[in-house]
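Some notes on the structure that comes next.
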Amino acid sequence: MMTSCGKPLCKLTLGIHTKGSIRALSTSQHHAAAAKKNRSTLAKPNTRNVVLVEGVRTPFLMSGTEYKNLMPHDLLREAFRGLLKRTHYPKDKVGYIVAGTVIQESKTANIAREAALGAGISNRTPSHTVTQACISSNQAMTSALNMIASGQCDSVIAGGVDFMSDIPIRYNRKMRTLMLNANKAKTTMQKLSLAGTVLASPVRYFSPELPAIAEFSTDEVMGHSADRLAAAFGVSRQAQDEYALRSHTFAKKATDEGKLSDVLEFKVPGVAEPVTIDNGIRVTPMEKMAKLKPAFVKPHGSITAANSSFLSDGASAVLLMEESAAKAMGYKPKAYLRNYTYVSQDPKDQLLLGPAYATPTVLDQAGLKLNDIDVFEFHEAFAGQILANLSAMESDYFAQNQMNRPGKVGAPPMEKFNLWGGSLSIGHPFGATGCRLVTTCANRLKAEDGKYALLAACAAGGIGHSMIMERHPDN
């Protein structure tokens with residue numbers, strides 16, 4: 001395999017074996033299941049421990065389906081309500097609210113506050129909203145973590161939402177300027193003159209301005225960047241389709257077995273039946289996926305609708321608390337939130353490589369090795385993005401020349417990786433995915449009797465995030 005610089009990289013070989021369902025997705029290095037061993041906690045002396053008490057989310061739906069007549073704050077409000085109902089946490093005891101979102105509705109600019117008020121949380125509880133592309137709720141959670149660790153409060157609800165069924169579409173700049181000038185027009189002739197300007201060239205003034213789907217700094221669509229990244233790391237179309245099939249198969253299996261316990265039942269106004277499951281999970285045969293045309297780089301690209309995450313609506317929320325405060329209220333925390341990091345790199349050629357940069361950094365901070373981690377949850381923007389990151393993590397050349405490290409960190413063993421599906425199958429409401437990752441890590445740690453989990457995600461702008469979680473002894 002060659003990089004865009006013509007340097008060889010250690011290739012990640014993918015193989016999928018099916019007898020009606022996926023059995024394995026292996027890397028070139030065999031990873032034997034390590035025996036469980038007692039490992040010391042990552043707790044630090046004289047530091048307040050921050051724990052995940054519970055996490056929930058609305059079902060993640062394809063945009064334009066059952067949620068289409070709602071507003072974004074309706075979804076976030078439902079997530080907050082569901083979290084409070086499941087935990088029985090007193091609404092007047094919440095210390096702070098912080099939520100992430102990407103596509104912002106102008107009527108609810110501080111959507112965290114509007115959703116909190118709608119959920120019946122005390123109007124004396126402060127709230128703010130953050131945005132950091134696809135890791136917006138990751139930022140919400142780490143902001144909450146810092147507030148608790150510093151002693152500002154004992155409990156914070158963090159969450160996230162995005163809603164692609166109704167995106168803000170503006171008048172273009174020429175029309176906005178003319179409308180502002182119209183407010184200053186004093187005489188009838190001045191107003192008629194402005195109206196005549198519009199009528200003389202209606203297309204020029206009435207052409208709408210859509211939300212940006214391209215990077216502002218590079219003017220490149222993310223899917224196009226993902227296609228170039230997959231090509232640079234030698235990730236084939238077949239490997240991407242195989243990984244997408246894996247994600248959907250695992251998500252369906254987890255849904256059927258009731259493992260996705262974070263999903264709330266949502267009685268949507270105007271919809272006959274309650275919404276109870278994610279509706280984007282599709283186990284599509286390889287031969288059918290192979291017939292799809294490239295979605296971005298045409299006609300020879302490898303990114304298609306089948307191996308990409310789809311536009312989604314949904315919200316998520318978590319209750320984070322200081323450990324002793326949680327236990328004093330009778331809670332059995334799920335996990336500790338430990339080390340975390342944010343990274344950034346070239347948004348042109350390394351837009352989606354955040355996990356490859358963030359993972360070794362957060363492992364170093366925690367004093368852990370890759371084989372200490374029992375559960376991995378990576379955000380799946382595109383199958384090609386996931387496989388390119390795994391390939392980069394397996395590359396000594398990448399580690400030495402891009403990260404100034406002595407050698408590769410290694411790719412996560414696939415038998416520990418995204419075993420309940422991921423964003424490709426479950427859905428990816430931009431601002432809500434981070435909380436889903438954290439909750440899934442905690443739930444998988446219990447289900448798989450693990451000690452440590454690692455989550456990672458990429459985001460627009462060439463940003464990345466990773467966090468270490470530790471299973472709580474009460475879970």
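Please note that chains go A, B, ... in the order of the structure tokens, that every chain numbers its residues from 1, and that ligands are numbered from 1 in the order shown.
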
Could you build a table of the residues in segment 285-359 of chain A lying no more than 12 Å from segment 109-112 of chain A, giving for each the nearest pair of atoms and their separation in Å rounded to one decimal place, using only C-alpha atoms, ordered by chain and ascending residue number, as JSON lines?
{"residue": "A:Ala315", "atom": "CA", "partner": "A:Ala112", "partner_atom": "CA", "distance": 11.4}
{"residue": "A:Ser316", "atom": "CA", "partner": "A:Ala112", "partner_atom": "CA", "distance": 11.7}
{"residue": "A:Ala317", "atom": "CA", "partner": "A:Ala112", "partner_atom": "CA", "distance": 10.8}

Subject >> 10 Å contact set for Glu114 of chain A, only C-alpha atoms, chain neighbours under 5 positions out, as a VMD selection string >> reply: chain A and resid 73 to 74 76 to 77 107 to 109 119 127 to 128

**OP:** Could you please determine the separation between atom CA of Thr142 of chain A and atom CA of Asn49 of chain A in Å, to one decimal place?
**Re:**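 Result for atom CA of Thr142 of chain A versus atom CA of Asn49 of chain A: 13.1 Å, one decimal.
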
Original post:
Skipping near chain neighbours, those fewer than 3 positions away, what residues fall within 7 Å of segment 348-352 of chain A using only C-alpha atoms, listed as a ChimeraX atom specification?
Top reply: /A:218,345,385,458-462

Original post:
Excluding same-chain residues fewer than 5 positions from Leu145 of chain A, what lies within 9 Å of it counting only C-alpha atoms, as a PyMOL selection string?
Top reply: chain A and resi 50-51+140+150+156+320-322+337

Since we have the selection now, will you write its residues out, keeping N, CA and C atoms, as a tab-separated table (two decimals), in the first residue's frame?
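The result, stored in again09.tsv:
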chain	number	residue	atom	x	y	z
A	50	VAL	N	-15.51	11.18	38.58
A	50	VAL	CA	-16.72	11.47	37.83
A	50	VAL	C	-17.23	10.16	37.24
A	51	VAL	N	-18.52	9.87	37.49
A	51	VAL	CA	-19.09	8.60	37.06
A	51	VAL	C	-20.27	8.82	36.13
A	140	ALA	N	-19.65	18.28	25.15
A	140	ALA	CA	-20.60	18.52	26.24
A	140	ALA	C	-20.24	17.68	27.46
A	150	SER	N	-13.86	19.80	39.14
A	150	SER	CA	-13.37	21.02	39.78
A	150	SER	C	-14.20	21.44	40.99
A	156	VAL	N	-24.34	16.80	36.54
A	156	VAL	CA	-24.56	17.51	35.28
A	156	VAL	C	-25.26	16.55	34.32
A	320	LEU	N	-24.11	12.54	34.61
A	320	LEU	CA	-22.78	12.42	35.18
A	320	LEU	C	-22.81	12.99	36.59
A	321	MET	N	-22.13	12.31	37.52
A	321	MET	CA	-22.11	12.76	38.91
A	321	MET	C	-20.76	12.52	39.55
A	322	GLU	N	-20.53	13.24	40.64
A	322	GLU	CA	-19.38	12.94	41.50
A	322	GLU	C	-19.69	11.63	42.21
A	337	LEU	N	-15.51	8.10	34.05
A	337	LEU	CA	-14.94	8.78	32.90
A	337	LEU	C	-13.54	9.20	33.28

**OP:** Fewer than 4 positions away in the same chain doesn't count, so skip those; otherwise give me all residues within 10 Å of Met467 of chain A, counting only C-alpha atoms, as an NGL selection string.
**Re:** :A and (138 or 142 or 337-342 or 358-359 or 361-363 or 366 or 438 or 453-457)

Serialized selection, C-alpha atoms, as a short mmCIF file (atom, residue, chain, number, x, y, z; two decimals), in the first residue's frame:
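Okay, selection_20.cif is ready:
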data_model
loop_
_atom_site.label_atom_id
_atom_site.label_comp_id
_atom_site.auth_asym_id
_atom_site.auth_seq_id
_atom_site.Cartn_x
_atom_site.Cartn_y
_atom_site.Cartn_z
CA ASN A 138 -18.28 14.57 23.47
CA THR A 142 -16.00 16.59 28.92
CA LEU A 337 -14.94 8.78 32.90
CA ARG A 338 -11.15 8.92 32.98
CA ASN A 339 -8.60 10.40 30.59
CA TYR A 340 -9.64 12.18 27.41
CA THR A 341 -7.98 14.14 24.66
CA TYR A 342 -8.81 16.32 21.67
CA ALA A 358 -6.15 10.56 19.53
CA THR A 359 -6.00 6.88 20.50
CA THR A 361 -2.32 9.97 22.94
CA VAL A 362 -5.06 9.03 25.40
CA LEU A 363 -3.47 5.63 26.06
CA ALA A 366 -3.70 6.84 31.10
CA VAL A 438 -20.08 6.55 26.09
CA ALA A 453 -13.11 0.92 27.32
CA LEU A 454 -11.79 3.35 24.72
CA LEU A 455 -13.95 5.47 22.44
CA ALA A 456 -12.79 7.64 19.56
CA ALA A 457 -14.34 9.84 16.91
#

Original post:
as a PyMOL selection string, which residues of segment 299-387 of chain A does DSSP assign to strand (DSSP E or B)?
Top reply: chain A and resi 308+312-322+335-344+375-378+382

Original post:
Could you pull out the helix (DSSP H, G or I) residues of segment 20-167 of chain A from DSSP and send them as a ChimeraX atom specification?
Top reply: /A:72-87,106-108,111-118,136-149

Original post:
Skipping near chain neighbours, those fewer than 4 positions away, what residues fall within 9 Å of segment 281-291 of chain A using only C-alpha atoms, listed as a PyMOL selection string?
Top reply: chain A and resi 237-238+241-242+244-249+251-252+304-307+424-427

Those selected residues, please, written with N, CA, C and O atoms and delivered as a tab-separated table (two decimals), in the first residue's frame.
chain	number	residue	atom	x	y	z
A	237	ARG	N	-13.09	-1.05	-2.26
A	237	ARG	CA	-14.56	-0.95	-2.20
A	237	ARG	C	-15.13	-2.18	-1.51
A	237	ARG	O	-16.04	-2.09	-0.68
A	238	GLN	N	-14.61	-3.36	-1.82
A	238	GLN	CA	-15.12	-4.59	-1.23
A	238	GLN	C	-14.93	-4.59	0.29
A	238	GLN	O	-15.84	-4.97	1.04
A	241	ASP	N	-17.53	-2.35	1.84
A	241	ASP	CA	-18.85	-2.97	1.85
A	241	ASP	C	-18.92	-4.08	2.90
A	241	ASP	O	-19.94	-4.26	3.57
A	242	GLU	N	-17.84	-4.83	3.04
A	242	GLU	CA	-17.80	-5.89	4.06
A	242	GLU	C	-17.93	-5.29	5.47
A	242	GLU	O	-18.65	-5.83	6.32
A	244	ALA	N	-19.34	-2.40	6.25
A	244	ALA	CA	-20.70	-1.89	6.40
A	244	ALA	C	-21.67	-3.02	6.72
A	244	ALA	O	-22.55	-2.88	7.59
A	245	LEU	N	-21.52	-4.15	6.04
A	245	LEU	CA	-22.36	-5.31	6.32
A	245	LEU	C	-22.16	-5.78	7.76
A	245	LEU	O	-23.13	-6.13	8.45
A	246	ARG	N	-20.93	-5.77	8.21
A	246	ARG	CA	-20.63	-6.14	9.60
A	246	ARG	C	-21.38	-5.23	10.57
A	246	ARG	O	-22.00	-5.69	11.54
A	247	SER	N	-21.31	-3.92	10.33
A	247	SER	CA	-21.94	-2.96	11.23
A	247	SER	C	-23.46	-3.19	11.31
A	247	SER	O	-24.04	-3.25	12.40
A	248	HIS	N	-24.10	-3.34	10.16
A	248	HIS	CA	-25.54	-3.53	10.14
A	248	HIS	C	-25.93	-4.88	10.75
A	248	HIS	O	-26.94	-4.97	11.46
A	249	THR	N	-25.15	-5.90	10.50
A	249	THR	CA	-25.45	-7.22	11.06
A	249	THR	C	-25.34	-7.21	12.57
A	249	THR	O	-26.20	-7.75	13.28
A	251	ALA	N	-25.57	-4.56	14.53
A	251	ALA	CA	-26.61	-3.70	15.08
A	251	ALA	C	-27.95	-4.44	15.15
A	251	ALA	O	-28.69	-4.32	16.13
A	252	LYS	N	-28.26	-5.19	14.11
A	252	LYS	CA	-29.51	-5.96	14.11
A	252	LYS	C	-29.49	-7.00	15.22
A	252	LYS	O	-30.48	-7.19	15.94
A	304	THR	N	-20.00	4.80	-1.16
A	304	THR	CA	-21.37	4.71	-1.67
A	304	THR	C	-22.36	4.98	-0.53
A	304	THR	O	-21.97	5.09	0.64
A	305	ALA	N	-23.63	5.03	-0.88
A	305	ALA	CA	-24.66	5.21	0.15
A	305	ALA	C	-24.67	4.05	1.13
A	305	ALA	O	-24.99	4.23	2.31
A	306	ALA	N	-24.28	2.86	0.69
A	306	ALA	CA	-24.34	1.68	1.55
A	306	ALA	C	-23.20	1.63	2.57
A	306	ALA	O	-23.36	1.04	3.64
A	307	ASN	N	-22.05	2.21	2.25
A	307	ASN	CA	-20.93	2.16	3.21
A	307	ASN	C	-20.66	3.51	3.86
A	307	ASN	O	-19.55	3.76	4.34
A	424	LEU	N	-22.74	3.70	11.13
A	424	LEU	CA	-23.14	3.28	9.79
A	424	LEU	C	-24.53	2.65	9.79
A	424	LEU	O	-25.29	2.79	8.84
A	425	SER	N	-24.85	1.95	10.86
A	425	SER	CA	-26.09	1.18	10.92
A	425	SER	C	-27.11	1.79	11.86
A	425	SER	O	-28.29	1.88	11.54
A	426	ILE	N	-26.67	2.22	13.02
A	426	ILE	CA	-27.57	2.77	14.04
A	426	ILE	C	-28.04	4.16	13.65
A	426	ILE	O	-29.17	4.56	13.93
A	427	GLY	N	-27.17	4.91	12.99
A	427	GLY	CA	-27.47	6.28	12.62
A	427	GLY	C	-26.50	7.25	13.28
A	427	GLY	O	-25.82	6.91	14.25

Subject >> Surrounding residues of Pro126 of chain A excluding itself and chain neighbours under 2 positions, 9 Å, only C-alpha atoms, as an MDAnalysis selection string >> reply: chainID A and resid 95:98 113 122:124 128

**OP:** Would you mind reading off the distance between atom CA of Arg471 of chain A and atom CA of Ala335 of chain A, one decimal, in Å?
**Re:**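 Taking atom CA of Arg471 of chain A as the start and atom CA of Ala335 of chain A as the end point, the length is 4.3 Å.
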
Original post:
Quick one: distance from atom CA of Met175 of chain A to atom CA of Tyr205 of chain A in Å, one decimal?
Top reply: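 According to the coordinates, atom CA of Met175 of chain A and atom CA of Tyr205 of chain A are separated by 5.1 Å.
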
Original post:
Which of these, A:Gly384, A:Gly407, A:Pro412, A:Pro360, has the shortest distance to His465 of chain A once you count only C-alpha atoms?
Top reply: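 Smallest distance to His465 of chain A is found for A:Pro360.
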
Select from segment 222-259 of chain A every residue with an atom at most 8 Å from any atom of segment 388-403 of chain A, then for each give the shortest pair of atoms and their distance in Å to one decimal, using only C-alpha atoms, rows by chain and rising number, as a Markdown table.
| residue | atom | partner | partner_atom | distance |
| --- | --- | --- | --- | --- |
| A:Leu229 | CA | A:Ala388 | CA | 6.7 |
| A:Ala230 | CA | A:Ala388 | CA | 5.8 |
| A:Phe233 | CA | A:Ala388 | CA | 5.7 |
| A:Val235 | CA | A:Ala388 | CA | 6.7 |

Next, the residues of the selection above should be written as a PDB file, in the first residue's frame with all heavy atoms.
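New file again12.pdb:
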ATOM      1  N   LEU A 229      -9.133   9.541   1.245  1.00  0.00           N
ATOM      2  CA  LEU A 229      -8.442   8.896   2.360  1.00  0.00           C
ATOM      3  C   LEU A 229      -8.411   7.385   2.165  1.00  0.00           C
ATOM      4  O   LEU A 229      -7.360   6.745   2.371  1.00  0.00           O
ATOM      5  CB  LEU A 229      -9.147   9.251   3.666  1.00  0.00           C
ATOM      6  CG  LEU A 229      -8.481   8.750   4.948  1.00  0.00           C
ATOM      7  CD1 LEU A 229      -7.165   9.480   5.201  1.00  0.00           C
ATOM      8  CD2 LEU A 229      -9.418   8.933   6.143  1.00  0.00           C
ATOM      9  N   ALA A 230      -9.540   6.806   1.766  1.00  0.00           N
ATOM     10  CA  ALA A 230      -9.586   5.367   1.526  1.00  0.00           C
ATOM     11  C   ALA A 230      -8.605   4.962   0.427  1.00  0.00           C
ATOM     12  O   ALA A 230      -7.904   3.945   0.537  1.00  0.00           O
ATOM     13  CB  ALA A 230     -11.004   4.946   1.155  1.00  0.00           C
ATOM     14  N   PHE A 233      -4.930   4.965   1.631  1.00  0.00           N
ATOM     15  CA  PHE A 233      -4.559   3.835   2.486  1.00  0.00           C
ATOM     16  C   PHE A 233      -4.874   2.491   1.830  1.00  0.00           C
ATOM     17  O   PHE A 233      -4.801   1.447   2.481  1.00  0.00           O
ATOM     18  CB  PHE A 233      -5.263   3.948   3.839  1.00  0.00           C
ATOM     19  CG  PHE A 233      -4.597   4.918   4.772  1.00  0.00           C
ATOM     20  CD1 PHE A 233      -4.946   6.256   4.769  1.00  0.00           C
ATOM     21  CD2 PHE A 233      -3.592   4.502   5.642  1.00  0.00           C
ATOM     22  CE1 PHE A 233      -4.334   7.168   5.608  1.00  0.00           C
ATOM     23  CE2 PHE A 233      -2.966   5.398   6.487  1.00  0.00           C
ATOM     24  CZ  PHE A 233      -3.333   6.738   6.480  1.00  0.00           C
ATOM     25  N   VAL A 235      -7.673   1.154   0.802  1.00  0.00           N
ATOM     26  CA  VAL A 235      -8.869   0.453   1.275  1.00  0.00           C
ATOM     27  C   VAL A 235      -9.796   0.215   0.083  1.00  0.00           C
ATOM     28  O   VAL A 235     -10.257   1.160  -0.556  1.00  0.00           O
ATOM     29  CB  VAL A 235      -9.601   1.269   2.360  1.00  0.00           C
ATOM     30  CG1 VAL A 235     -10.840   0.522   2.834  1.00  0.00           C
ATOM     31  CG2 VAL A 235      -8.663   1.546   3.537  1.00  0.00           C
TER      32      VAL A 235
END

Original post:
In terms of the shortest atom-to-atom distance over only C-alpha atoms, which of A:Lys332, A:Arg48, A:His88, A:Arg57 is closest to Met147 of chain A?
Top reply: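 Of the candidates, the smallest distance to Met147 of chain A is held by A:Arg48.
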